[in-house]
file start14.cif (mmCIF, C-alpha atoms)
data_query
#
loop_
_atom_site.group_PDB
_atom_site.id
_atom_site.type_symbol
_atom_site.label_atom_id
_atom_site.label_comp_id
_atom_site.auth_asym_id
_atom_site.auth_seq_id
_atom_site.Cartn_x
_atom_site.Cartn_y
_atom_site.Cartn_z
ATOM 1 C CA MET Y 277 -52.044 22.470 24.066
ATOM 2 C CA GLY Y 278 -51.507 25.848 22.425
ATOM 3 C CA VAL Y 279 -47.741 25.587 22.723
ATOM 4 C CA TYR Y 280 -47.640 22.158 21.117
ATOM 5 C CA SER Y 281 -49.932 23.203 18.281
ATOM 6 C CA THR Y 282 -47.724 26.235 17.590
ATOM 7 C CA ARG Y 283 -44.664 24.032 17.422
ATOM 8 C CA ASP Y 284 -46.452 21.631 15.120
ATOM 9 C CA ASN Y 285 -47.435 24.441 12.776
ATOM 10 C CA ALA Y 286 -43.909 25.849 12.788
ATOM 11 C CA GLY Y 287 -42.494 22.376 12.160
ATOM 12 C CA SER Y 288 -44.802 21.811 9.222
ATOM 13 C CA GLY Y 289 -43.761 25.160 7.774
ATOM 14 C CA TYR Y 290 -40.106 24.269 8.001
ATOM 15 C CA SER Y 291 -40.732 20.827 6.498
ATOM 16 C CA ALA Y 292 -42.601 22.370 3.546
ATOM 17 C CA THR Y 293 -39.702 24.737 2.877
ATOM 18 C CA SER Y 294 -37.252 21.854 3.085
ATOM 19 C CA LEU Y 295 -39.449 19.822 0.760
ATOM 20 C CA TYR Y 296 -39.418 22.548 -1.899
ATOM 21 C CA PHE Y 297 -35.648 22.866 -1.582
ATOM 22 C CA TYR Y 298 -35.014 19.141 -1.919
ATOM 23 C CA LEU Y 299 -37.454 18.834 -4.830
ATOM 24 C CA SER Y 300 -35.687 21.650 -6.668
ATOM 25 C CA LEU Y 301 -32.292 20.141 -5.931
ATOM 26 C CA SER Y 302 -33.457 16.690 -7.059
ATOM 27 C CA GLY Y 303 -34.935 18.090 -10.257
ATOM 28 C CA LEU Y 304 -31.715 19.901 -11.058
ATOM 29 C CA GLY Y 305 -29.748 16.725 -10.401
ATOM 30 C CA LEU Y 306 -32.027 14.665 -12.628
ATOM 31 C CA VAL Y 307 -31.644 17.157 -15.475
ATOM 32 C CA GLY Y 308 -27.878 17.094 -15.114
ATOM 33 C CA LEU Y 309 -27.815 13.286 -14.976
ATOM 34 C CA TYR Y 310 -30.030 13.037 -18.055
ATOM 35 C CA MET Y 311 -27.811 15.381 -20.032
ATOM 36 C CA LEU Y 312 -24.729 13.466 -18.895
ATOM 37 C CA LEU Y 313 -26.112 10.062 -19.894
ATOM 38 C CA THR Y 314 -27.381 11.281 -23.269
ATOM 39 C CA GLY Y 315 -23.959 12.613 -24.260
ATOM 40 C CA SER Y 316 -24.841 16.302 -23.953
ATOM 41 C CA GLY Y 317 -23.223 16.958 -20.586
ATOM 42 C CA GLU Y 318 -21.088 19.763 -22.003
ATOM 43 C CA GLN Y 319 -24.265 21.821 -22.467
ATOM 44 C CA PHE Y 320 -24.698 21.890 -18.686
ATOM 45 C CA ASP Y 321 -22.406 24.894 -18.523
ATOM 46 C CA VAL Y 322 -23.159 27.801 -16.187
ATOM 47 C CA GLY Y 323 -20.582 30.029 -17.881
ATOM 48 C CA ASN Y 324 -22.148 29.452 -21.278
ATOM 49 C CA PHE Y 325 -25.555 30.260 -19.822
ATOM 50 C CA LEU Y 326 -24.317 33.544 -18.369
ATOM 51 C CA MET Y 327 -22.601 34.542 -21.613
ATOM 52 C CA SER Y 328 -25.592 33.649 -23.774
ATOM 53 C CA ILE Y 329 -27.813 36.255 -22.088
ATOM 54 C CA SER Y 330 -27.647 39.812 -23.352
ATOM 55 C CA PRO Y 331 -25.894 42.297 -21.020
ATOM 56 C CA HIS Y 332 -28.893 44.585 -21.426
ATOM 57 C CA MET Y 333 -31.036 41.817 -19.980
ATOM 58 C CA TRP Y 334 -28.841 41.673 -16.867
ATOM 59 C CA SER Y 335 -28.975 45.460 -16.548
ATOM 60 C CA LEU Y 336 -32.749 45.636 -16.864
ATOM 61 C CA LEU Y 337 -33.194 42.716 -14.493
ATOM 62 C CA GLY Y 338 -31.054 44.495 -11.881
ATOM 63 C CA ILE Y 339 -33.095 47.678 -12.262
ATOM 64 C CA ALA Y 340 -36.363 45.735 -11.959
ATOM 65 C CA LEU Y 341 -35.134 43.936 -8.827
ATOM 66 C CA CYS Y 342 -34.005 47.230 -7.331
ATOM 67 C CA VAL Y 343 -37.453 48.770 -7.698
ATOM 68 C CA GLY Y 344 -39.467 45.624 -6.996
ATOM 69 C CA LEU Y 345 -37.674 44.548 -3.841
ATOM 70 C CA SER Y 346 -37.558 48.110 -2.495
ATOM 71 C CA VAL Y 347 -41.264 48.712 -3.022
ATOM 72 C CA GLY Y 348 -42.066 45.251 -1.680
ATOM 73 C CA GLY Y 349 -40.051 45.906 1.472
ATOM 74 C CA ALA Y 350 -41.727 49.278 1.950
ATOM 75 C CA ALA Y 351 -45.198 47.778 1.497
ATOM 76 C CA TRP Y 352 -44.359 44.961 3.898
ATOM 77 C CA GLY Y 353 -43.157 47.424 6.528
ATOM 78 C CA ILE Y 354 -46.233 49.633 6.116
ATOM 79 C CA PHE Y 355 -48.441 46.571 6.479
ATOM 80 C CA ILE Y 356 -46.757 45.547 9.744
ATOM 81 C CA THR Y 357 -46.711 49.062 11.195
ATOM 82 C CA GLY Y 358 -50.163 50.029 9.953
ATOM 83 C CA ALA Y 359 -51.858 47.003 11.482
ATOM 84 C CA SER Y 360 -50.425 47.763 14.921
ATOM 85 C CA LEU Y 361 -51.037 51.491 14.540
ATOM 86 C CA VAL Y 362 -54.703 51.058 13.683
ATOM 87 C CA GLY Y 363 -55.201 48.498 16.443
ATOM 88 C CA GLY Y 364 -53.419 50.597 19.056
ATOM 89 C CA GLY Y 365 -55.181 53.751 17.877
ATOM 90 C CA VAL Y 366 -58.530 52.274 18.870
ATOM 91 C CA ARG Y 367 -57.395 52.140 22.492
ATOM 92 C CA ALA Y 368 -55.238 55.293 22.459
ATOM 93 C CA PRO Y 369 -56.145 57.675 19.589
ATOM 94 C CA ARG Y 370 -53.322 60.050 20.560
ATOM 95 C CA ILE Y 371 -50.678 57.723 19.071
ATOM 96 C CA VAL Y 372 -51.952 57.798 15.479
ATOM 97 C CA THR Y 373 -50.542 61.147 14.357
ATOM 98 C CA LYS Y 374 -47.232 60.776 16.162
ATOM 99 C CA ASN Y 375 -46.539 57.256 14.875
ATOM 100 C CA LEU Y 376 -47.111 58.189 11.240
ATOM 101 C CA ILE Y 377 -43.362 58.810 11.159
ATOM 102 C CA SER Y 378 -42.924 55.028 11.031
ATOM 103 C CA ILE Y 379 -45.002 54.927 7.852
ATOM 104 C CA ILE Y 380 -42.837 57.697 6.401
ATOM 105 C CA PHE Y 381 -39.663 55.759 7.214
ATOM 106 C CA CYS Y 382 -41.056 52.747 5.358
ATOM 107 C CA GLU Y 383 -42.011 54.878 2.365
ATOM 108 C CA VAL Y 384 -38.501 56.332 2.190
ATOM 109 C CA VAL Y 385 -37.227 52.816 1.466
ATOM 110 C CA ALA Y 386 -39.279 52.709 -1.738
ATOM 111 C CA ILE Y 387 -37.966 56.160 -2.671
ATOM 112 C CA TYR Y 388 -34.404 54.846 -2.275
ATOM 113 C CA GLY Y 389 -35.169 52.112 -4.790
ATOM 114 C CA LEU Y 390 -36.743 54.509 -7.281
ATOM 115 C CA ILE Y 391 -33.804 56.911 -7.055
ATOM 116 C CA MET Y 392 -31.284 54.132 -7.651
ATOM 117 C CA ALA Y 393 -33.336 52.776 -10.546
ATOM 118 C CA ILE Y 394 -33.210 56.205 -12.199
ATOM 119 C CA VAL Y 395 -29.443 56.352 -11.642
ATOM 120 C CA PHE Y 396 -28.972 52.882 -13.136
ATOM 121 C CA SER Y 397 -31.246 53.644 -16.094
ATOM 122 C CA ALA Y 398 -29.148 56.694 -16.946
ATOM 123 C CA LYS Y 399 -26.174 54.376 -17.516
ATOM 124 C CA LEU Y 400 -27.943 52.435 -20.282
ATOM 125 C CA ASN Y 401 -27.288 53.377 -23.897
ATOM 126 C CA ASP Y 402 -27.863 51.992 -27.375
ATOM 127 C CA VAL Y 403 -25.219 49.646 -28.778
ATOM 128 C CA GLN Y 404 -24.744 48.939 -32.479
ATOM 129 C CA ASN Y 405 -23.700 45.736 -34.261
ATOM 130 C CA ASP Y 406 -21.605 43.247 -32.269
ATOM 131 C CA ALA Y 407 -20.494 45.673 -29.575
ATOM 132 C CA ILE Y 408 -23.182 44.226 -27.303
ATOM 133 C CA THR Y 409 -20.965 41.180 -26.672
ATOM 134 C CA SER Y 410 -17.868 43.166 -25.762
ATOM 135 C CA PRO Y 411 -16.285 42.672 -22.304
ATOM 136 C CA GLU Y 412 -17.175 46.242 -21.373
ATOM 137 C CA MET Y 413 -20.858 45.596 -22.011
ATOM 138 C CA TYR Y 414 -20.812 42.392 -19.987
ATOM 139 C CA TYR Y 415 -19.139 44.252 -17.142
ATOM 140 C CA LYS Y 416 -21.839 46.910 -17.312
ATOM 141 C CA GLY Y 417 -24.607 44.313 -17.333
ATOM 142 C CA TYR Y 418 -23.268 42.339 -14.385
ATOM 143 C CA ALA Y 419 -22.392 45.473 -12.417
ATOM 144 C CA LEU Y 420 -25.870 46.945 -12.785
ATOM 145 C CA PHE Y 421 -27.463 43.579 -12.007
ATOM 146 C CA TRP Y 422 -25.595 43.076 -8.742
ATOM 147 C CA ALA Y 423 -25.913 46.739 -7.794
ATOM 148 C CA GLY Y 424 -29.660 46.573 -8.274
ATOM 149 C CA LEU Y 425 -29.966 43.268 -6.449
ATOM 150 C CA THR Y 426 -27.879 44.494 -3.513
ATOM 151 C CA THR Y 427 -29.828 47.733 -3.247
ATOM 152 C CA GLY Y 428 -33.164 45.954 -3.498
ATOM 153 C CA LEU Y 429 -32.331 43.340 -0.868
ATOM 154 C CA CYS Y 430 -30.989 45.949 1.566
ATOM 155 C CA ASN Y 431 -34.089 48.073 1.094
ATOM 156 C CA MET Y 432 -36.384 45.090 1.558
ATOM 157 C CA VAL Y 433 -34.691 44.098 4.823
ATOM 158 C CA CYS Y 434 -34.726 47.742 5.890
ATOM 159 C CA GLY Y 435 -38.458 48.039 5.220
ATOM 160 C CA VAL Y 436 -39.247 44.941 7.259
ATOM 161 C CA SER Y 437 -36.950 46.087 10.071
ATOM 162 C CA VAL Y 438 -38.530 49.531 10.223
ATOM 163 C CA GLY Y 439 -41.998 47.990 10.037
ATOM 164 C CA ILE Y 440 -41.420 45.655 12.975
ATOM 165 C CA THR Y 441 -39.770 48.369 15.042
ATOM 166 C CA GLY Y 442 -42.509 50.851 14.152
ATOM 167 C CA SER Y 443 -45.126 48.331 15.201
ATOM 168 C CA SER Y 444 -43.405 47.954 18.555
ATOM 169 C CA ALA Y 445 -43.162 51.734 18.866
ATOM 170 C CA ALA Y 446 -46.893 52.154 18.298
ATOM 171 C CA LEU Y 447 -47.827 49.512 20.871
ATOM 172 C CA ALA Y 448 -45.310 50.828 23.399
ATOM 173 C CA ASP Y 449 -46.573 54.380 22.918
ATOM 174 C CA ALA Y 450 -50.136 53.235 23.481
ATOM 175 C CA GLN Y 451 -49.059 51.760 26.819
ATOM 176 C CA ASP Y 452 -46.623 54.468 27.914
ATOM 177 C CA GLY Y 453 -46.043 57.704 25.993
ATOM 178 C CA GLN Y 454 -42.509 58.080 27.343
ATOM 179 C CA LEU Y 455 -41.319 54.968 25.487
ATOM 180 C CA PHE Y 456 -41.936 56.383 22.016
ATOM 181 C CA VAL Y 457 -38.718 58.384 21.718
ATOM 182 C CA LYS Y 458 -36.603 55.491 22.981
ATOM 183 C CA VAL Y 459 -38.021 53.052 20.442
ATOM 184 C CA LEU Y 460 -37.812 55.706 17.724
ATOM 185 C CA VAL Y 461 -34.023 55.823 18.129
ATOM 186 C CA ILE Y 462 -33.861 52.091 17.353
ATOM 187 C CA GLU Y 463 -36.118 52.636 14.355
ATOM 188 C CA ILE Y 464 -33.802 55.321 12.986
ATOM 189 C CA PHE Y 465 -30.834 52.957 13.178
ATOM 190 C CA GLY Y 466 -32.875 50.314 11.345
ATOM 191 C CA SER Y 467 -33.719 52.755 8.554
ATOM 192 C CA ILE Y 468 -30.007 53.420 7.944
ATOM 193 C CA VAL Y 469 -29.637 49.891 6.545
ATOM 194 C CA GLY Y 470 -31.370 51.034 3.352
ATOM 195 C CA LEU Y 471 -28.930 53.915 3.058
ATOM 196 C CA PHE Y 472 -26.035 51.466 3.283
ATOM 197 C CA GLY Y 473 -27.520 49.511 0.376
ATOM 198 C CA LEU Y 474 -27.834 52.706 -1.634
ATOM 199 C CA ILE Y 475 -24.160 53.537 -1.030
ATOM 200 C CA VAL Y 476 -23.034 50.019 -1.985
ATOM 201 C CA GLY Y 477 -25.106 50.208 -5.176
ATOM 202 C CA LEU Y 478 -23.434 53.473 -6.105
ATOM 203 C CA LEU Y 479 -19.984 52.031 -5.447
ATOM 204 C CA VAL Y 480 -20.647 48.896 -7.520
ATOM 205 C CA SER Y 481 -22.030 50.838 -10.465
ATOM 206 C CA GLY Y 482 -19.635 53.786 -10.114
ATOM 207 C CA LYS Y 483 -17.204 52.623 -12.810
ATOM 208 C CA VAL Y 484 -19.929 51.850 -15.342
ATOM 209 C CA ALA Y 485 -19.641 54.330 -18.174
#
call {"tool": "encode", "arguments": {"input": "start14.cif", "output": "structure tokens"}}
result
Amino acid sequence: MGVYSTRDNAGSGYSATSLYFYLSLSGLGLVGLYMLLTGSGEQFDVGNFLMSISPHMWSLLGIALCVGLSVGGAAWGIFITGASLVGGGVRAPRIVTKNLISIIFCEVVAIYGLIMAIVFSAKLNDVQNDAITSPEMYYKGYALFWAGLTTGLCNMVCGVSVGITGSSAALADAQDGQLFVKVLVIEIFGSIVGLFGLIVGLLVSGKVA
């Protein structure tokens, strides 16, 4: 009975996600069809939408996503690791101090995001008159947006990866102390993913003056 109920719950979760996706897609299609039938179909222009937004808005949005996703991934990883660490520490108190390194690895992910946000913010400057709509400014806005988004997503995935691996390390250490080092090696490789995102963010934003 438990297996079937788990499958039912998982199926309902997938169906809810699919429902949201199809509702969003249907709504977008209805808007496009309405604009087409009312003679304003030319306004349904993605390029015009992208060009109508200030480059500074794209830059600031990229910086916000960089910090937000990084901190969110770190908090998520700490939540996963901390729950297992506290639960396992009740049975084996010796694991608490040693497994705090997993919490530190998760926190480093948030530090990556803050460092990159400071680097991106240093590339922003005041623009006078109509220079805000120049191709150079649009390049800067899009570059900082995608650099921030890439860094944030990599850090979020890294935080979750480190959190899950750290949770496994805590439970394995509670069962057998010799397994901690072996699982820690896997955790270190998972934490490198955030460093890759940091490097990609630097490369994308490297040519921004």
call {"tool": "resolve_selection", "arguments": {"input": "start14.cif", "expression": "the PyMOL selection byres ((chain Y and resi 385) around 8)", "output": "number ranges by chain"}}
result
Y: 346-347, 349-350, 381-384, 386-389, 431-432, 434-435, 467, 470
call {"tool": "closest_residue", "arguments": {"input": "start14.cif", "among": "Y:Cys430, Y:Val403, Y:Leu460, Y:Ile468", "to": "Y:His332", "atoms": "all atoms listed in the file"}}
result
Y:Val403
call {"tool": "closest_residue", "arguments": {"input": "start14.cif", "among": "Y:Gly417, Y:Gly428, Y:Ala368, Y:Ile394", "to": "Y:Gly344", "atoms": "only C-alpha atoms"}}
result
Y:Gly428
call {"tool": "atom_distance", "arguments": {"input": "start14.cif", "atom1": "atom CA of Y:Gly424", "atom2": "atom CA of Y:Gly477"}}
result
6.6 Å
call {"tool": "atom_distance", "arguments": {"input": "start14.cif", "atom1": "atom CA of Y:Tyr415", "atom2": "atom CA of Y:Leu429"}}
result
21.0 Å
call {"tool": "atom_distance", "arguments": {"input": "start14.cif", "atom1": "atom CA of Y:Ala448", "atom2": "atom CA of Y:Ile380"}}
result
18.5 Å
call {"tool": "axis_aligned_box", "arguments": {"input": "start14.cif", "around": "stretch 463-477 of chain Y", "padding_each_side": "5 Å", "output": "AutoDock Vina command-line options"}}
result
--center_x -29.6 --center_y 52.4 --center_z 4.6 --size_x 23.1 --size_y 15.8 --size_z 29.5
call {"tool": "resolve_selection", "arguments": {"input": "start14.cif", "expression": "the PyMOL selection byres ((chain Y and resi 355) around 12)", "output": "list in words"}}
result
Gly348, Gly349, Ala350, Ala351, Trp352, Gly353, Ile354, Ile356, Thr357, Gly358, Ala359, Ser360, Leu361, Val362, Ser378, Ile379, Cys382, Glu383, Gly435, Val436, Val438, Gly439, Ile440, Gly442 and Ser443 of chain Y
call {"tool": "write_last_selection", "arguments": {"input": "start14.cif", "atoms": "C-alpha atoms", "output": "short mmCIF file (atom, residue, chain, number, x, y, z; two decimals), in the frame of the given file"}}
result
data_model
loop_
_atom_site.label_atom_id
_atom_site.label_comp_id
_atom_site.auth_asym_id
_atom_site.auth_seq_id
_atom_site.Cartn_x
_atom_site.Cartn_y
_atom_site.Cartn_z
CA GLY Y 348 -42.07 45.25 -1.68
CA GLY Y 349 -40.05 45.91 1.47
CA ALA Y 350 -41.73 49.28 1.95
CA ALA Y 351 -45.20 47.78 1.50
CA TRP Y 352 -44.36 44.96 3.90
CA GLY Y 353 -43.16 47.42 6.53
CA ILE Y 354 -46.23 49.63 6.12
CA ILE Y 356 -46.76 45.55 9.74
CA THR Y 357 -46.71 49.06 11.20
CA GLY Y 358 -50.16 50.03 9.95
CA ALA Y 359 -51.86 47.00 11.48
CA SER Y 360 -50.42 47.76 14.92
CA LEU Y 361 -51.04 51.49 14.54
CA VAL Y 362 -54.70 51.06 13.68
CA SER Y 378 -42.92 55.03 11.03
CA ILE Y 379 -45.00 54.93 7.85
CA CYS Y 382 -41.06 52.75 5.36
CA GLU Y 383 -42.01 54.88 2.37
CA GLY Y 435 -38.46 48.04 5.22
CA VAL Y 436 -39.25 44.94 7.26
CA VAL Y 438 -38.53 49.53 10.22
CA GLY Y 439 -42.00 47.99 10.04
CA ILE Y 440 -41.42 45.66 12.98
CA GLY Y 442 -42.51 50.85 14.15
CA SER Y 443 -45.13 48.33 15.20
#
call {"tool": "closest_residue", "arguments": {"input": "start14.cif", "among": "Y:Met413, Y:Val476, Y:Leu447, Y:Val343", "to": "Y:Asn401", "atoms": "all atoms listed in the file"}}
result
Y:Met413
call {"tool": "residues_around", "arguments": {"input": "start14.cif", "residues": "Y:Pro411", "least_positions_apart": "5", "cutoff": "12 Å", "atoms": "only C-alpha atoms", "output": "VMD selection string"}}
result
chain Y and resid 327 330 to 331 406 416 to 419
call {"tool": "write_last_selection", "arguments": {"input": "start14.cif", "atoms": "C-alpha atoms", "output": "mmCIF file, keeping the file's coordinate frame"}}
result
data_model
loop_
_atom_site.group_PDB
_atom_site.id
_atom_site.type_symbol
_atom_site.label_atom_id
_atom_site.label_comp_id
_atom_site.auth_asym_id
_atom_site.auth_seq_id
_atom_site.Cartn_x
_atom_site.Cartn_y
_atom_site.Cartn_z
ATOM 1 C CA MET Y 327 -22.601 34.542 -21.613
ATOM 2 C CA SER Y 330 -27.647 39.812 -23.352
ATOM 3 C CA PRO Y 331 -25.894 42.297 -21.020
ATOM 4 C CA ASP Y 406 -21.605 43.247 -32.269
ATOM 5 C CA LYS Y 416 -21.839 46.910 -17.312
ATOM 6 C CA GLY Y 417 -24.607 44.313 -17.333
ATOM 7 C CA TYR Y 418 -23.268 42.339 -14.385
ATOM 8 C CA ALA Y 419 -22.392 45.473 -12.417
#
call {"tool": "resolve_selection", "arguments": {"input": "start14.cif", "expression": "the PyMOL selection byres ((chain Y and resi 423) around 10)", "output": "ChimeraX atom specification"}}
result
/Y:335,338-339,341-342,392-393,396,417-422,424-428,473-482
call {"tool": "closest_residue", "arguments": {"input": "start14.cif", "among": "Y:Leu376, Y:Val433, Y:Val459, Y:Leu345", "to": "Y:Leu390", "atoms": "all atoms listed in the file"}}
result
Y:Leu345
call {"tool": "closest_residue", "arguments": {"input": "start14.cif", "among": "Y:Gln454, Y:Thr409, Y:Asn375, Y:Ser316", "to": "Y:Thr441", "atoms": "all atoms listed in the file"}}
result
Y:Asn375
call {"tool": "closest_residue", "arguments": {"input": "start14.cif", "among": "Y:Ile371, Y:Ile377, Y:Lys483, Y:Glu412", "to": "Y:Gln451", "atoms": "all atoms listed in the file"}}
result
Y:Ile371
call {"tool": "build_atoms", "arguments": {"input": "start14.cif", "residues": "stretch 334-348 of chain Y", "atoms": "N, CA, C and O atoms", "output": "PDB file, in the frame of the given file"}}
result
ATOM      1  N   TRP Y 334     -29.320  41.623 -18.246  1.00  0.00           N
ATOM      2  CA  TRP Y 334     -28.841  41.673 -16.867  1.00  0.00           C
ATOM      3  C   TRP Y 334     -29.048  43.057 -16.259  1.00  0.00           C
ATOM      4  O   TRP Y 334     -29.438  43.181 -15.088  1.00  0.00           O
ATOM      5  N   SER Y 335     -28.792  44.095 -17.053  1.00  0.00           N
ATOM      6  CA  SER Y 335     -28.975  45.460 -16.548  1.00  0.00           C
ATOM      7  C   SER Y 335     -30.435  45.731 -16.189  1.00  0.00           C
ATOM      8  O   SER Y 335     -30.739  46.234 -15.103  1.00  0.00           O
ATOM      9  N   LEU Y 336     -31.331  45.381 -17.105  1.00  0.00           N
ATOM     10  CA  LEU Y 336     -32.749  45.636 -16.864  1.00  0.00           C
ATOM     11  C   LEU Y 336     -33.284  44.780 -15.719  1.00  0.00           C
ATOM     12  O   LEU Y 336     -34.145  45.235 -14.951  1.00  0.00           O
ATOM     13  N   LEU Y 337     -32.773  43.563 -15.596  1.00  0.00           N
ATOM     14  CA  LEU Y 337     -33.194  42.716 -14.493  1.00  0.00           C
ATOM     15  C   LEU Y 337     -32.741  43.298 -13.152  1.00  0.00           C
ATOM     16  O   LEU Y 337     -33.489  43.278 -12.163  1.00  0.00           O
ATOM     17  N   GLY Y 338     -31.521  43.847 -13.105  1.00  0.00           N
ATOM     18  CA  GLY Y 338     -31.054  44.495 -11.881  1.00  0.00           C
ATOM     19  C   GLY Y 338     -31.894  45.708 -11.522  1.00  0.00           C
ATOM     20  O   GLY Y 338     -32.221  45.925 -10.348  1.00  0.00           O
ATOM     21  N   ILE Y 339     -32.260  46.503 -12.518  1.00  0.00           N
ATOM     22  CA  ILE Y 339     -33.095  47.678 -12.262  1.00  0.00           C
ATOM     23  C   ILE Y 339     -34.478  47.260 -11.765  1.00  0.00           C
ATOM     24  O   ILE Y 339     -35.035  47.848 -10.822  1.00  0.00           O
ATOM     25  N   ALA Y 340     -35.041  46.212 -12.379  1.00  0.00           N
ATOM     26  CA  ALA Y 340     -36.363  45.735 -11.959  1.00  0.00           C
ATOM     27  C   ALA Y 340     -36.322  45.192 -10.528  1.00  0.00           C
ATOM     28  O   ALA Y 340     -37.227  45.454  -9.728  1.00  0.00           O
ATOM     29  N   LEU Y 341     -35.256  44.452 -10.189  1.00  0.00           N
ATOM     30  CA  LEU Y 341     -35.134  43.936  -8.827  1.00  0.00           C
ATOM     31  C   LEU Y 341     -34.939  45.065  -7.820  1.00  0.00           C
ATOM     32  O   LEU Y 341     -35.448  44.994  -6.687  1.00  0.00           O
ATOM     33  N   CYS Y 342     -34.213  46.085  -8.210  1.00  0.00           N
ATOM     34  CA  CYS Y 342     -34.005  47.230  -7.331  1.00  0.00           C
ATOM     35  C   CYS Y 342     -35.331  47.879  -6.962  1.00  0.00           C
ATOM     36  O   CYS Y 342     -35.613  48.120  -5.784  1.00  0.00           O
ATOM     37  N   VAL Y 343     -36.163  48.129  -7.959  1.00  0.00           N
ATOM     38  CA  VAL Y 343     -37.453  48.770  -7.698  1.00  0.00           C
ATOM     39  C   VAL Y 343     -38.415  47.807  -7.002  1.00  0.00           C
ATOM     40  O   VAL Y 343     -39.063  48.144  -6.009  1.00  0.00           O
ATOM     41  N   GLY Y 344     -38.497  46.577  -7.528  1.00  0.00           N
ATOM     42  CA  GLY Y 344     -39.467  45.624  -6.996  1.00  0.00           C
ATOM     43  C   GLY Y 344     -39.221  45.254  -5.548  1.00  0.00           C
ATOM     44  O   GLY Y 344     -40.147  45.270  -4.720  1.00  0.00           O
ATOM     45  N   LEU Y 345     -37.981  44.930  -5.223  1.00  0.00           N
ATOM     46  CA  LEU Y 345     -37.674  44.548  -3.841  1.00  0.00           C
ATOM     47  C   LEU Y 345     -37.818  45.736  -2.888  1.00  0.00           C
ATOM     48  O   LEU Y 345     -38.263  45.572  -1.743  1.00  0.00           O
ATOM     49  N   SER Y 346     -37.433  46.929  -3.350  1.00  0.00           N
ATOM     50  CA  SER Y 346     -37.558  48.110  -2.495  1.00  0.00           C
ATOM     51  C   SER Y 346     -39.016  48.431  -2.193  1.00  0.00           C
ATOM     52  O   SER Y 346     -39.391  48.668  -1.032  1.00  0.00           O
ATOM     53  N   VAL Y 347     -39.837  48.426  -3.223  1.00  0.00           N
ATOM     54  CA  VAL Y 347     -41.264  48.712  -3.022  1.00  0.00           C
ATOM     55  C   VAL Y 347     -41.921  47.606  -2.206  1.00  0.00           C
ATOM     56  O   VAL Y 347     -42.768  47.866  -1.338  1.00  0.00           O
ATOM     57  N   GLY Y 348     -41.523  46.353  -2.466  1.00  0.00           N
ATOM     58  CA  GLY Y 348     -42.066  45.251  -1.680  1.00  0.00           C
ATOM     59  C   GLY Y 348     -41.701  45.358  -0.208  1.00  0.00           C
ATOM     60  O   GLY Y 348     -42.538  45.115   0.670  1.00  0.00           O
TER      61      GLY Y 348
END
